[in-house]
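Asker: Sharing a structure below in structure tokens format, with a few things to ask.
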Amino acid sequence: TLMVNEVKHWFEIGLMWALAIVGGVAFIIFAGLIGRMVSDGRRESAVFRAIGARRADIGRIYGMYTLLLAVRVVIFAAVLGLVLSFAVDVWLSSDATVGARLAYAAVDTTKEFHFISIWTWYVPAILGAIVVVSLLASIIPILLGARRNPITDMRNDT
């Protein structure tokens with residue numbers, strides 16, 4: 001039992017480090033992606049500003065684009081994670097069950113060892129981190145894009 005708790009503790013630490021590293025990479029990718037989207041939409045933003053849209057309105061449009069992109073990434077990550085974890089569970093759970101029964105001298109042979117669980121805090125934490133990182137990464141490109149002069153953007157685009 002002590003060994004399982006120790007492995008679980010180090011697994012959680014490794015998972016947090018992996019989440020931080022992947023989150024940093026995702027931050028850079030999302031910032032570049034949103035920056036490119038704002039840059040490509042300069043003319044449309046300038047037209048909206050010329051007909052009376054405020055900077056906050058333009059920011060809300062790009063914020064909604066970012067949120068929709070984050071939702072697509074969350075759906076993809078959830079489906080991919082579910083498929084991979086189910087495959088690992090099917091592949092390894094029978095051997096792990098036998099090993100756990102032998103290691104703990106289990107009397108109740110109806111219990112099985114599984115690698116997946118719906119009732120864990122890891123899944124909502126990772127999916128929430130995806131949304132938070134994407135929204136944080138979009139702040140600077142959206143603010144820079146909204147602060148641009150619409151007349152200059154229309155003049156330079158032609």
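Naming scheme: A, B, ... for chains in displayed order of the structure tokens; residues 1 onward per chain; ligands 1 onward as shown.
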Contacts of A:Asp89 at 8 Å or less, counting only C-alpha atoms, minus same-chain residues fewer than 3 places along, as a list in words?

Answerer: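 The residues that qualify are Ser85, Phe86, Leu92, Ser93, His114, Phe115 and Ile116 of chain A.
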
Asker: What lies within 12 Å of stretch 95-100 of chain A using only C-alpha atoms, ignoring chain neighbours under 2 positions off, as a ChimeraX atom specification?

Answerer: /A:1,4,88-93,102-115

Asker: Within stretch 21-121 of chain A, find each residue whose DSSP state, derived from the backbone, is helix (DSSP H, G or I), and express the selection as a PyMOL selection string.

Answerer: chain A and resi 21-40+42-50+55-104

Asker: Please identify every residue of stretch 107-148 of chain A that has at least one atom no farther than 7 Å from an atom of stretch 35-52 of chain A, counting only C-alpha atoms, and for each give the shortest atom pair and the distance in Å to one decimal, arranged by chain then increasing number, as a tab-separated table.

Answerer:
```
residue	atom	partner	partner_atom	distance
A:Pro141	CA	A:Gly35	CA	4.9
A:Ile142	CA	A:Val38	CA	6.8
A:Gly145	CA	A:Val38	CA	6.1
```

Asker: Do you have, as CSV, the list of residues of stretch 54-139 of chain A lying at most 12 Å from stretch 12-17 of chain A, each with its nearest atom pair and that distance in Å to one decimal, counting only C-alpha atoms and ordered by chain then number?

Answerer:
```
residue,atom,partner,partner_atom,distance
A:Trp121,CA,A:Glu12,CA,11.1
A:Tyr122,CA,A:Leu15,CA,9.0
A:Val123,CA,A:Leu15,CA,11.6
A:Ala125,CA,A:Met16,CA,10.2
A:Ile126,CA,A:Met16,CA,9.8
A:Ala129,CA,A:Met16,CA,11.2
```
